[in-house]
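Trainee: File start-v7.cif follows (mmCIF, C-alpha atoms and all ligand atoms):
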data_input
#
loop_
_atom_site.label_atom_id
_atom_site.label_comp_id
_atom_site.auth_asym_id
_atom_site.auth_seq_id
_atom_site.Cartn_x
_atom_site.Cartn_y
_atom_site.Cartn_z
CA MET A 1 14.43 4.38 10.69
CA LYS A 2 16.61 4.66 7.66
CA VAL A 3 15.91 1.85 5.21
CA LEU A 4 18.00 0.85 2.19
CA VAL A 5 16.03 -0.60 -0.73
CA LEU A 6 18.03 -2.60 -3.26
CA HIS A 7 16.67 -3.59 -6.66
CA GLY A 8 18.59 -6.26 -8.54
CA PRO A 9 19.11 -7.00 -12.23
CA ASN A 10 16.57 -6.03 -14.89
CA LEU A 11 14.36 -4.18 -12.43
CA ASN A 12 15.41 -0.93 -14.12
CA LEU A 13 13.21 -2.13 -16.98
CA LEU A 14 10.02 -2.25 -14.90
CA GLY A 15 7.08 -0.81 -16.77
CA THR A 16 8.10 -2.29 -20.11
CA ARG A 17 9.61 -5.62 -19.02
CA GLU A 18 7.11 -8.50 -19.36
CA PRO A 19 4.17 -6.34 -18.26
CA GLY A 20 1.94 -9.42 -18.05
CA VAL A 21 4.14 -10.63 -15.19
CA TYR A 22 5.51 -7.44 -13.63
CA GLY A 23 2.86 -4.85 -14.50
CA ARG A 24 3.25 -1.38 -15.97
CA VAL A 25 4.51 0.53 -12.95
CA THR A 26 8.04 1.83 -13.53
CA LEU A 27 10.92 1.59 -11.07
CA ALA A 28 10.84 5.36 -10.60
CA GLU A 29 7.19 5.04 -9.56
CA VAL A 30 7.97 2.20 -7.13
CA ASP A 31 10.71 4.34 -5.58
CA ARG A 32 8.34 7.32 -5.34
CA MET A 33 5.72 5.13 -3.60
CA LEU A 34 8.38 3.93 -1.16
CA ARG A 35 9.60 7.44 -0.37
CA GLU A 36 6.03 8.64 0.23
CA HIS A 37 5.24 5.56 2.36
CA ALA A 38 8.36 6.10 4.48
CA ARG A 39 7.72 9.83 4.83
CA ARG A 40 4.18 9.23 6.14
CA ARG A 41 5.62 6.94 8.79
CA GLY A 42 8.34 9.36 9.80
CA ASP A 43 11.02 7.10 8.32
CA SER A 44 13.38 7.53 5.42
CA VAL A 45 14.34 5.34 2.51
CA GLU A 46 17.09 5.27 -0.07
CA CYS A 47 16.52 3.24 -3.24
CA ARG A 48 19.29 1.87 -5.43
CA GLN A 49 19.27 -0.43 -8.46
CA SER A 50 22.08 -2.41 -10.03
CA ASN A 51 22.42 -5.10 -12.66
CA HIS A 52 25.71 -6.16 -11.06
CA GLU A 53 26.11 -8.74 -8.31
CA GLY A 54 29.29 -7.15 -6.90
CA GLN A 55 27.65 -3.75 -6.65
CA LEU A 56 24.74 -5.18 -4.64
CA ILE A 57 27.25 -6.94 -2.36
CA ASP A 58 29.21 -3.71 -1.85
CA TRP A 59 25.99 -1.87 -0.93
CA LEU A 60 25.01 -4.59 1.55
CA GLN A 61 28.45 -4.53 3.15
CA GLY A 62 28.40 -0.75 3.44
CA ALA A 63 24.84 -0.45 4.74
CA GLU A 64 25.65 -0.46 8.44
CA ARG A 65 28.51 1.99 8.03
CA ALA A 66 26.10 4.26 6.13
CA ARG A 67 23.80 4.05 9.19
CA PHE A 68 20.94 2.19 7.56
CA THR A 69 18.80 0.23 10.02
CA GLY A 70 17.71 -2.50 7.60
CA VAL A 71 17.48 -3.53 3.98
CA VAL A 72 14.57 -4.41 1.69
CA MET A 73 15.97 -6.26 -1.30
CA ASN A 74 14.55 -7.63 -4.52
CA PRO A 75 17.53 -9.65 -5.75
CA GLY A 76 15.85 -10.40 -9.13
CA ALA A 77 17.25 -13.53 -10.75
CA PHE A 78 20.21 -13.53 -8.29
CA THR A 79 17.62 -14.83 -5.81
CA HIS A 80 17.86 -18.24 -7.34
CA TYR A 81 21.60 -18.79 -7.60
CA SER A 82 23.84 -16.12 -6.10
CA ILE A 83 25.66 -17.72 -3.18
CA ALA A 84 27.83 -14.59 -3.03
CA LEU A 85 24.77 -12.41 -2.39
CA ARG A 86 23.49 -14.92 0.17
CA ASP A 87 26.86 -14.82 1.96
CA ALA A 88 26.75 -11.01 2.02
CA VAL A 89 23.27 -11.07 3.60
CA ALA A 90 24.51 -13.63 6.16
CA ALA A 91 27.64 -11.58 6.87
CA ILE A 92 25.98 -8.31 7.82
CA LYS A 93 24.20 -7.63 11.09
CA LEU A 94 21.32 -5.65 9.59
CA PRO A 95 18.01 -7.41 8.94
CA VAL A 96 17.24 -8.00 5.28
CA VAL A 97 13.72 -8.62 3.95
CA GLU A 98 13.53 -10.32 0.54
CA VAL A 99 10.75 -9.07 -1.73
CA HIS A 100 9.42 -10.05 -5.16
CA LEU A 101 6.83 -8.41 -7.37
CA SER A 102 5.61 -11.70 -8.79
CA ASN A 103 4.70 -14.81 -6.83
CA VAL A 104 7.88 -16.76 -7.44
CA HIS A 105 6.24 -19.92 -6.07
CA SER A 106 3.58 -19.96 -8.78
CA ARG A 107 5.98 -19.59 -11.71
CA GLU A 108 8.68 -21.79 -13.27
CA GLU A 109 10.21 -24.47 -11.07
CA PHE A 110 13.63 -22.71 -11.01
CA ARG A 111 12.08 -19.62 -9.40
CA ARG A 112 10.66 -21.57 -6.47
CA HIS A 113 14.01 -21.84 -4.77
CA SER A 114 15.62 -18.83 -3.15
CA VAL A 115 19.20 -19.09 -1.91
CA ILE A 116 18.61 -15.80 -0.06
CA ALA A 117 15.47 -16.73 1.92
CA GLY A 118 17.31 -18.85 4.49
CA VAL A 119 19.43 -15.92 5.65
CA ALA A 120 16.83 -13.16 5.19
CA ARG A 121 14.43 -12.26 7.99
CA GLY A 122 11.58 -13.21 5.70
CA GLN A 123 10.26 -13.17 2.17
CA ILE A 124 7.29 -11.32 0.61
CA SER A 125 6.30 -12.37 -2.88
CA GLY A 126 3.43 -11.78 -5.27
CA PHE A 127 1.92 -8.40 -4.42
CA GLY A 128 3.37 -6.28 -7.22
CA PRO A 129 4.87 -2.96 -6.09
CA GLN A 130 2.97 -3.43 -2.82
CA SER A 131 5.50 -6.18 -1.95
CA TYR A 132 8.08 -3.45 -1.35
CA LEU A 133 5.77 -1.51 0.99
CA LEU A 134 4.88 -4.69 2.90
CA GLY A 135 8.59 -5.48 3.11
CA PHE A 136 9.27 -1.99 4.41
CA ASP A 137 6.58 -2.38 7.10
CA ALA A 138 7.85 -5.84 8.08
CA LEU A 139 11.34 -4.45 8.45
CA THR A 140 10.39 -1.39 10.45
CA SER A 141 8.08 -3.35 12.77
CA LEU A 142 10.93 -5.80 13.38
CA SER A 143 13.43 -3.14 14.14
CA ARG A 144 11.09 -1.29 16.50
CA ARG A 145 11.23 -4.19 18.92
CA PRO A 146 14.52 -5.74 19.94
CA ALA A 147 14.83 -9.19 18.34
CA SER A 148 17.47 -11.68 17.41
CA ARG A 149 18.42 -11.62 13.77
CA ARG A 150 16.79 -14.92 12.89
C1 LIG B 1 11.56 -11.15 -9.36
C2 LIG B 1 11.39 -12.66 -9.62
C3 LIG B 1 12.66 -13.25 -10.18
O1 LIG B 1 12.49 -14.65 -10.42
C4 LIG B 1 13.04 -12.60 -11.49
O2 LIG B 1 14.25 -13.11 -11.97
C5 LIG B 1 13.08 -11.10 -11.38
C6 LIG B 1 12.02 -10.43 -10.63
C7 LIG B 1 10.25 -10.48 -8.92
O3 LIG B 1 10.31 -9.38 -8.39
O4 LIG B 1 9.16 -11.04 -9.11
O5 LIG B 1 13.93 -10.45 -11.96
O6 LIG B 1 12.52 -10.96 -8.35
#
Just give me the structure as C-alpha cells.
Ligand code: DQA

Mentor:
Amino acid sequence: MKVLVLHGPNLNLLGTREPGVYGRVTLAEVDRMLREHARRRGDSVECRQSNHEGQLIDWLQGAERARFTGVVMNPGAFTHYSIALRDAVAAIKLPVVEVHLSNVHSREEFRRHSVIAGVARGQISGFGPQSYLLGFDALTSLSRRPASRR
C-alpha cells in the first residue's frame, strides 16, 4: 500500500506551536514515525505539508494518478470551513481518513464541526501523533478488504 499523508496549515510549526495543545513532537518526527510504521508493515508513505488550500486540493486530485491507495489528512483549520477541500475529498475515488492531534470535540465550539468528516471514511481525533498512525492503520485495513467508499 502506498499512502499519502497530507498535513494542512500551521502543522509545519508542530513542536513549538501551542505545545500545551499539540505537544512538543515536531512534524519531521511525526513523518519519521509514519515512515517507520509503514516500513514495518511492508507499506510505504509519502508525507507532504502545505499552508495553502489549493495545494492540498491539487495533491488530493493527483493522488490516484500518482498511484497512492489512500490518503490520511489532517486538514488543520480548513477542517472547519473549507468546502473546496471537502469537494476535493468527495470528488476523488481514494479513501481519505481525517486525523487530528487534539480532540477537536473537547475544544472550542467552532472546532466541533468538520466539513470534511461527512465525505471522509472516518475521523480520528485526540491521540497526538498517534492519531496519524491509527489513521494509517484504519486506511490500510480498509483497503485490504474490498469495500464501498462510504
Ligand atoms: C488540528 C485541529 C484544528 O482545529 C486546528 O485548526 C489545527 C490542528 C489538530 O490536529 O488537532 O490546526 O487539526

Trainee: Which residues are near ligand LIG 1 (chain B) - at most 10 Å, using all atoms listed in the file? Format: as number ranges by chain.

Mentor: A: 7-14, 17, 21-22, 73-80, 98-105, 107-108, 110-114, 124-129, 131-132

Trainee: How many Å separate atom CA of Cys47 of chain A from atom CA of Gln123 of chain A?

Mentor: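 Taking atom CA of Cys47 of chain A as the start and atom CA of Gln123 of chain A as the end point, the length is 18.4 Å.
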
Trainee: Could you jot down the atom CA of Pro95 of chain A to atom CA of Asp31 of chain A separation for me, Å, one decimal place?

Mentor: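 About the pair atom CA of Pro95 of chain A and atom CA of Asp31 of chain A: they are 20.1 Å apart.
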
Trainee: How many Å separate atom CA of Lys93 of chain A from atom CA of Arg67 of chain A?

Mentor: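 Interatomic distance, atom CA of Lys93 of chain A to atom CA of Arg67 of chain A: 11.8 Å.
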
Trainee: Of the candidates A:Val3, A:Ala90, A:Ile83, A:Val96, which one gets nearest to His37 of chain A if we count all atoms listed in the file?

Mentor: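 When distances to His37 of chain A are compared using all atoms listed in the file, the smallest one comes from A:Val3.
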
Trainee: Could you check which of A:Val25, A:Ile57, A:Val45, A:Leu4 is closest to Leu94 of chain A, using all atoms listed in the file?

Mentor: A:Leu4

Trainee: Identify which of the residues A:Gly15, A:Tyr81, A:Val97, A:Asp87 lies closest to Glu29 of chain A, counting only C-alpha atoms when measuring atom-to-atom distances.

Mentor: A:Gly15
